[in-house]
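Text of query-v4.txt (compact mmCIF, C-alpha atoms) as supplied:
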# COMPACT_ATOMS: atom_id res chain seq x y z
CA MET A 22 -27.98 41.97 -36.16
CA THR A 23 -29.24 39.51 -33.57
CA PRO A 24 -32.80 38.44 -34.30
CA ALA A 25 -35.39 39.42 -31.71
CA THR A 26 -36.37 36.74 -29.27
CA LYS A 27 -39.97 35.71 -29.64
CA SER A 28 -42.02 35.32 -26.50
CA PRO A 29 -43.82 31.98 -26.21
CA ALA A 30 -47.27 32.00 -27.72
CA THR A 31 -50.25 31.84 -25.42
CA PRO A 32 -51.88 28.42 -25.69
CA ARG A 33 -55.19 28.42 -27.51
CA TYR A 34 -57.77 25.94 -26.38
CA GLU A 35 -60.55 26.30 -28.93
CA ARG A 36 -61.71 22.68 -29.07
CA ILE A 37 -62.88 21.50 -25.66
CA ALA A 38 -63.84 17.98 -24.62
CA PHE A 39 -65.91 17.70 -21.45
CA VAL A 40 -66.17 14.81 -19.01
CA ALA A 41 -68.43 14.86 -15.96
CA SER A 42 -69.29 12.75 -12.95
CA PRO A 43 -72.81 11.27 -12.90
CA ILE A 44 -74.05 13.44 -10.00
CA SER A 45 -76.70 16.00 -10.86
CA GLU A 46 -74.54 19.04 -10.07
CA ALA A 47 -71.88 17.92 -12.54
CA GLN A 48 -74.41 16.93 -15.19
CA GLN A 49 -76.10 20.33 -14.97
CA ALA A 50 -72.74 22.01 -15.41
CA LEU A 51 -71.99 19.76 -18.38
CA GLU A 52 -75.23 20.77 -20.11
CA GLN A 53 -74.60 24.45 -19.40
CA LEU A 54 -71.03 24.42 -20.70
CA THR A 55 -71.61 22.32 -23.81
CA THR A 56 -74.49 24.58 -24.80
CA ARG A 57 -72.22 27.60 -24.51
CA TYR A 58 -68.90 26.26 -25.84
CA GLY A 59 -69.80 23.22 -27.89
CA ARG A 60 -68.28 19.81 -27.46
CA VAL A 61 -65.79 17.69 -29.39
CA ASP A 62 -64.46 14.18 -28.93
CA ALA A 63 -61.39 13.87 -26.73
CA ASP A 64 -59.29 12.68 -29.69
CA ASP A 65 -59.93 15.96 -31.51
CA ALA A 66 -59.77 18.27 -28.49
CA ASP A 67 -57.11 20.80 -27.49
CA VAL A 68 -57.98 20.38 -23.82
CA ILE A 69 -60.14 18.18 -21.59
CA VAL A 70 -62.32 19.84 -18.96
CA ALA A 71 -63.36 17.58 -16.08
CA LEU A 72 -66.46 18.43 -14.05
CA GLY A 73 -66.74 16.79 -10.63
CA GLY A 74 -64.53 16.14 -7.63
CA ASP A 75 -61.11 14.66 -7.06
CA GLY A 76 -62.40 11.15 -7.75
CA LEU A 77 -63.52 12.20 -11.22
CA MET A 78 -60.18 13.93 -11.78
CA LEU A 79 -58.29 10.73 -10.93
CA GLN A 80 -60.50 8.78 -13.34
CA THR A 81 -59.83 11.38 -16.04
CA LEU A 82 -56.07 11.26 -15.48
CA HIS A 83 -56.12 7.48 -15.84
CA LYS A 84 -58.40 7.48 -18.87
CA PHE A 85 -56.32 10.02 -20.81
CA MET A 86 -52.92 9.01 -19.47
CA HIS A 87 -51.50 8.42 -22.94
CA ALA A 88 -53.49 11.06 -24.84
CA GLY A 89 -51.09 13.97 -24.33
CA LYS A 90 -53.96 16.36 -23.58
CA PRO A 91 -53.88 19.01 -20.83
CA ILE A 92 -56.63 18.59 -18.26
CA TYR A 93 -58.49 21.39 -16.48
CA GLY A 94 -60.83 20.48 -13.65
CA MET A 95 -63.78 22.44 -12.29
CA HIS A 96 -65.25 21.57 -8.92
CA ARG A 97 -68.71 20.06 -9.18
CA GLY A 98 -68.32 17.25 -6.62
CA THR A 99 -67.41 16.53 -3.01
CA VAL A 100 -63.65 16.95 -2.56
CA GLY A 101 -62.08 19.44 -4.96
CA PHE A 102 -58.43 19.73 -4.03
CA LEU A 103 -57.36 19.01 -7.62
CA MET A 104 -60.07 21.21 -9.16
CA ASN A 105 -60.53 24.87 -10.03
CA GLU A 106 -63.55 26.86 -8.95
CA PHE A 107 -66.57 26.38 -11.18
CA GLN A 108 -67.58 29.31 -13.32
CA ALA A 109 -69.37 29.11 -16.64
CA ASP A 110 -68.22 32.49 -17.98
CA LYS A 111 -65.01 33.10 -19.97
CA LEU A 112 -63.87 29.49 -19.98
CA ARG A 113 -61.53 29.88 -22.96
CA GLU A 114 -59.94 32.94 -21.36
CA ARG A 115 -59.40 31.03 -18.13
CA LEU A 116 -57.87 28.12 -20.03
CA ALA A 117 -55.48 30.44 -21.87
CA ALA A 118 -54.38 32.08 -18.60
CA ALA A 119 -54.04 28.81 -16.67
CA ARG A 120 -50.71 27.65 -15.23
CA VAL A 121 -49.40 24.19 -16.11
CA THR A 122 -48.43 21.64 -13.44
CA VAL A 123 -46.77 18.46 -14.70
CA ILE A 124 -47.27 15.31 -12.65
CA HIS A 125 -45.97 11.75 -13.05
CA PRO A 126 -47.72 8.59 -11.84
CA LEU A 127 -46.33 5.70 -9.85
CA LEU A 128 -46.06 2.30 -11.50
CA MET A 129 -46.99 -0.68 -9.30
CA ARG A 130 -45.93 -4.23 -10.20
CA ALA A 131 -47.65 -6.69 -7.87
CA ARG A 132 -46.79 -10.40 -7.72
CA ASP A 133 -49.07 -13.06 -6.19
CA ALA A 134 -48.36 -16.53 -4.77
CA ASP A 135 -48.64 -18.12 -8.23
CA GLY A 136 -45.99 -15.81 -9.62
CA ASP A 137 -48.47 -13.84 -11.72
CA VAL A 138 -47.61 -10.17 -12.12
CA VAL A 139 -50.02 -7.28 -12.76
CA GLU A 140 -49.21 -3.62 -13.32
CA PHE A 141 -51.23 -0.51 -12.51
CA HIS A 142 -50.48 3.22 -12.42
CA ALA A 143 -51.34 5.55 -9.54
CA PHE A 144 -51.38 9.35 -9.53
CA ASN A 145 -52.03 9.58 -5.79
CA ASP A 146 -50.45 6.59 -4.09
CA VAL A 147 -49.81 2.88 -3.95
CA HIS A 148 -50.66 1.30 -0.63
CA LEU A 149 -50.50 -2.16 0.88
CA PHE A 150 -53.03 -3.05 3.56
CA ARG A 151 -53.82 -6.08 5.70
CA GLN A 152 -56.79 -8.18 4.54
CA THR A 153 -57.62 -9.76 7.91
CA TYR A 154 -57.69 -8.88 11.60
CA GLN A 155 -53.96 -9.64 11.88
CA ALA A 156 -51.35 -6.95 11.30
CA ALA A 157 -49.26 -7.23 8.17
CA ARG A 158 -45.56 -8.15 8.36
CA LEU A 159 -43.61 -6.41 5.61
CA ARG A 160 -39.99 -6.09 4.52
CA ILE A 161 -38.95 -2.90 2.72
CA SER A 162 -36.04 -2.54 0.31
CA ILE A 163 -34.92 0.58 -1.54
CA ASP A 164 -32.90 0.26 -4.76
CA GLY A 165 -32.21 -3.38 -3.99
CA GLU A 166 -30.94 -2.78 -0.45
CA GLU A 167 -32.95 -3.94 2.56
CA ARG A 168 -33.79 -0.93 4.70
CA LEU A 169 -36.43 -2.30 7.07
CA PRO A 170 -36.25 -6.05 7.79
CA GLU A 171 -39.71 -6.09 9.37
CA LEU A 172 -42.55 -3.60 9.60
CA VAL A 173 -45.53 -4.74 11.66
CA ALA A 174 -48.43 -2.46 10.76
CA ASP A 175 -51.79 -2.17 9.07
CA GLY A 176 -49.80 -1.43 5.94
CA VAL A 177 -47.54 1.02 4.14
CA LEU A 178 -47.93 3.47 1.26
CA VAL A 179 -45.84 5.29 -1.33
CA SER A 180 -47.21 8.69 -2.36
CA THR A 181 -46.55 11.14 -5.16
CA PRO A 182 -46.33 14.88 -4.34
CA ALA A 183 -49.82 15.31 -5.82
CA GLY A 184 -51.15 12.55 -3.57
CA SER A 185 -49.28 13.61 -0.44
CA THR A 186 -52.30 15.55 0.85
CA ALA A 187 -54.64 12.56 0.45
CA TYR A 188 -54.29 9.17 2.20
CA ASN A 189 -50.65 9.94 2.96
CA LEU A 190 -51.61 12.98 5.03
CA SER A 191 -54.28 11.00 6.90
CA ALA A 192 -51.58 8.46 7.79
CA GLN A 193 -49.46 11.31 9.26
CA GLY A 194 -47.15 11.40 6.25
CA PRO A 195 -45.39 14.56 5.06
CA ILE A 196 -46.84 17.04 2.60
CA ILE A 197 -44.56 17.33 -0.44
CA PRO A 198 -44.36 20.43 -2.69
CA ILE A 199 -45.56 19.49 -6.16
CA SER A 200 -42.26 20.48 -7.79
CA ALA A 201 -40.12 18.40 -5.40
CA SER A 202 -38.48 15.30 -6.89
CA LEU A 203 -39.58 13.19 -3.96
CA MET A 204 -41.89 10.37 -2.91
CA ALA A 205 -43.25 9.73 0.58
CA LEU A 206 -42.92 6.28 2.15
CA THR A 207 -45.36 6.22 5.06
CA PRO A 208 -46.43 3.43 7.45
CA ILE A 209 -50.13 2.92 8.15
CA SER A 210 -50.82 2.43 11.89
CA PRO A 211 -47.34 1.01 12.64
CA PHE A 212 -46.76 -1.23 15.67
CA ARG A 213 -43.08 -2.11 15.20
CA PRO A 214 -40.64 -0.47 14.91
CA ARG A 215 -42.44 1.98 17.18
CA ARG A 216 -40.41 5.05 16.33
CA TRP A 217 -40.39 4.65 12.55
CA ARG A 218 -42.54 7.32 10.91
CA GLY A 219 -41.56 6.78 7.30
CA ALA A 220 -39.08 8.32 4.86
CA LEU A 221 -38.76 10.80 2.02
CA LEU A 222 -37.23 9.18 -1.05
CA PRO A 223 -35.92 10.58 -4.33
CA ASP A 224 -38.40 10.03 -7.14
CA THR A 225 -35.84 7.84 -8.89
CA ALA A 226 -35.95 5.28 -6.05
CA GLN A 227 -37.12 1.72 -6.64
CA VAL A 228 -39.23 0.56 -3.70
CA ARG A 229 -39.89 -3.12 -3.03
CA VAL A 230 -42.23 -4.42 -0.35
CA ASP A 231 -42.15 -8.14 0.45
CA VAL A 232 -45.01 -9.66 2.41
CA LEU A 233 -43.82 -11.91 5.20
CA GLU A 234 -46.21 -14.78 6.03
CA PRO A 235 -48.48 -14.01 3.05
CA GLU A 236 -50.73 -17.02 3.70
CA LYS A 237 -51.21 -16.36 7.41
CA ARG A 238 -51.33 -12.57 7.07
CA PRO A 239 -52.65 -11.78 3.57
CA VAL A 240 -52.12 -8.30 2.17
CA ALA A 241 -53.80 -6.38 -0.66
CA ALA A 242 -52.08 -3.79 -2.85
CA VAL A 243 -53.96 -0.80 -4.26
CA ALA A 244 -52.89 1.69 -6.95
CA ASP A 245 -55.39 4.55 -6.72
CA HIS A 246 -58.56 2.50 -7.39
CA ASP A 247 -57.06 -0.74 -8.78
CA GLU A 248 -56.71 -3.50 -6.17
CA VAL A 249 -54.76 -6.76 -6.19
CA ARG A 250 -55.48 -9.28 -3.43
CA ALA A 251 -53.10 -11.67 -1.68
CA VAL A 252 -49.85 -10.21 -2.97
CA CYS A 253 -46.42 -11.62 -2.09
CA SER A 254 -44.32 -8.68 -3.27
CA VAL A 255 -44.88 -5.25 -4.78
CA ASP A 256 -42.40 -3.09 -6.71
CA ILE A 257 -43.11 0.63 -6.92
CA ARG A 258 -41.39 3.37 -8.89
CA MET A 259 -42.29 6.68 -10.45
CA ASP A 260 -42.97 6.41 -14.18
CA HIS A 261 -41.25 9.46 -15.69
CA GLY A 262 -42.25 8.27 -19.15
CA ILE A 263 -45.76 9.59 -18.46
CA ALA A 264 -46.17 13.34 -17.90
CA MET A 265 -49.67 14.72 -17.35
CA GLN A 266 -50.34 18.44 -17.76
CA MET A 267 -52.86 19.77 -15.25
CA LEU A 268 -54.12 23.34 -15.66
CA PHE A 269 -54.83 25.63 -12.71
CA ASP A 270 -56.07 29.20 -12.47
CA PRO A 271 -53.40 31.78 -11.52
CA GLY A 272 -53.11 31.97 -7.74
CA HIS A 273 -54.78 28.58 -7.32
CA SER A 274 -52.03 26.28 -8.56
CA LEU A 275 -51.39 22.90 -7.03
CA ASP A 276 -48.18 24.33 -5.55
CA GLU A 277 -50.20 27.00 -3.77
CA ARG A 278 -52.81 24.54 -2.51
CA ILE A 279 -50.17 22.20 -1.13
CA LEU A 280 -48.44 25.13 0.56
CA ARG A 281 -51.72 26.20 2.16
CA GLU A 282 -52.31 22.68 3.47
CA GLN A 283 -49.04 22.90 5.38
CA PHE A 284 -50.38 25.91 7.25
CA GLY A 285 -53.77 24.33 7.93
CA TYR A 286 -56.08 26.36 5.68
Take the structure in the file and write it out as structure tokens.
Amino acid sequence: MTPATKSPATPRYERIAFVASPISEAQQALEQLTTRYGRVDADDADVIVALGGDGLMLQTLHKFMHAGKPIYGMHRGTVGFLMNEFQADKLRERLAAARVTVIHPLLMRARDADGDVVEFHAFNDVHLFRQTYQAARLRISIDGEERLPELVADGVLVSTPAGSTAYNLSAQGPIIPISASLMALTPISPFRPRRWRGALLPDTAQVRVDVLEPEKRPVAAVADHDEVRAVCSVDIRMDHGIAMQMLFDPGHSLDERILREQFGY
């Protein structure tokens, strides 16, 4: 007799760690929720609940990048694209019913004129931007092959699917479904070549941006909120060794939100 197949168990999130932005709305929510559900340290928690806006969510993703904890956000801030609607009731039931979205960050390796290299991760995007009034001159290579000998622009960015509706969208870049194995390469206010509007790349691609005339036209590189000034070259790739689980209420997944953005609502 063939043994019966067991259906996967519903996740149980009994021990909840809360993090909150410093604004009063988030702090009030923190007090309300901890009174009702208790509070444990993140190391002992089954799940981390973030209270705030998208900025707080990015901070939380970075802080717990290596913790292996699912993260569920509730909107108590300004921009809440990555957050669920706030509601104090039935939190554990909502957590158990939530859908999981797995996201990977970009890894930026930036080199300066002295040859020093620094690394930062970015869940939204890595962007290079001119530091002075003069446009940046950049050379772009993909997987070791030069693809654009010279881009004259304010800068250029590489975006994850999760970050494609942020700075990338403002720079007229494409919106990427969260499940797509893609990255967006998007110029920022390009001057030459005039008709180049960017590219969609597989998420296995290795992107290198070399700064031409780095002394005359200095360029900064930014990974989410970490900035490196006066870079000479920047290597960018998706770090598949890090997988963050984000939890979203049914019908309000990141896939659904990104799809809605493409239709303007």
Near stretch 235-239 of chain A, 8 Å: stretch 125-178 of chain A residue rows, closest pairs, all atoms listed in the file, as CSV:
residue,atom,partner,partner_atom,distance
A:Arg151,CA,A:Pro239,CA,6.2
A:Gln152,CA,A:Pro239,CA,5.6
A:Thr153,CA,A:Pro239,CA,6.9
A:Gln155,CA,A:Arg238,CA,6.2
A:Ala156,CA,A:Arg238,CA,7.0
A:Ala157,CA,A:Arg238,CA,5.8
A:Arg158,CA,A:Arg238,CA,7.4
Query raised in the report: Leaving out A:Met78 and any residue of its chain fewer than 4 positions from it, which residues lie within 9 Å of it when counting all atoms listed in the file, given as a VMD selection string?
Result: chain A and resid 71 to 74 82 to 83 92 to 94 101 103 to 104
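With all atoms listed in the file as the basis for measurement, A:Val252 is the residue among A:Val252, A:Leu51, A:Met265, A:Leu275 that approaches A:Asp135 most closely.
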How big is the axis-aligned box around the listed atoms of stretch 45-61 of chain A once 6 Å is added on each side, and where is its centre? Give both in Å to one decimal, as AutoDock Vina command-line options.
--center_x -71.2 --center_y 21.8 --center_z -19.7 --size_x 22.9 --size_y 23.6 --size_z 31.3
Query raised in the report: Which residues come within 9 Å of A:Val61, counting all atoms listed in the file, excluding same-chain residues fewer than 2 positions away, as an NGL selection string?
Result: :A and (36-39 or 59 or 63-66)
Query raised in the report: Mind pulling up the distance from atom CA of A:Val228 to atom CA of A:Ile161?
Result: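 Result for atom CA of A:Ile161 versus atom CA of A:Val228: 7.3 Å, one decimal.
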Query raised in the report: Looking at A:Thr55, A:Asn145, A:Thr81, A:Ser191, which one is nearest to A:Ala109, with distances taken over only C-alpha atoms?
Result: A:Thr55
May I have the residues within 7 Å of stretch 116-126 of chain A as an mmCIF file with C-alpha atoms, in the frame of the given file, using only C-alpha atoms and disregarding those fewer than 4 positions away in the same chain?
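Output saved as around-v8.cif:
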data_model
loop_
_atom_site.group_PDB
_atom_site.id
_atom_site.type_symbol
_atom_site.label_atom_id
_atom_site.label_comp_id
_atom_site.auth_asym_id
_atom_site.auth_seq_id
_atom_site.Cartn_x
_atom_site.Cartn_y
_atom_site.Cartn_z
ATOM 1 C CA THR A 31 -50.250 31.840 -25.420
ATOM 2 C CA PRO A 32 -51.880 28.420 -25.690
ATOM 3 C CA ARG A 33 -55.190 28.420 -27.510
ATOM 4 C CA TYR A 34 -57.770 25.940 -26.380
ATOM 5 C CA LEU A 112 -63.870 29.490 -19.980
ATOM 6 C CA HIS A 142 -50.480 3.220 -12.420
ATOM 7 C CA ALA A 143 -51.340 5.550 -9.540
ATOM 8 C CA PHE A 144 -51.380 9.350 -9.530
ATOM 9 C CA MET A 259 -42.290 6.680 -10.450
ATOM 10 C CA ASP A 260 -42.970 6.410 -14.180
ATOM 11 C CA HIS A 261 -41.250 9.460 -15.690
ATOM 12 C CA ILE A 263 -45.760 9.590 -18.460
ATOM 13 C CA ALA A 264 -46.170 13.340 -17.900
ATOM 14 C CA MET A 265 -49.670 14.720 -17.350
ATOM 15 C CA GLN A 266 -50.340 18.440 -17.760
ATOM 16 C CA MET A 267 -52.860 19.770 -15.250
ATOM 17 C CA LEU A 268 -54.120 23.340 -15.660
ATOM 18 C CA PHE A 269 -54.830 25.630 -12.710
ATOM 19 C CA ASP A 270 -56.070 29.200 -12.470
ATOM 20 C CA PRO A 271 -53.400 31.780 -11.520
ATOM 21 C CA SER A 274 -52.030 26.280 -8.560
#
Requested in this report: Record the distance separating atom CA of A:Gly219 and atom CA of A:Ala205, expressed in Å with one decimal.
Outcome: 7.5 Å
Query raised in the report: Please, which residues are within 9 Å of (-43.2, -9.5, 7.5) by the file's coordinates, counting only C-alpha atoms, and could they come as a ChimeraX atom specification?
Result: /A:157-160,170-173,231-235,238
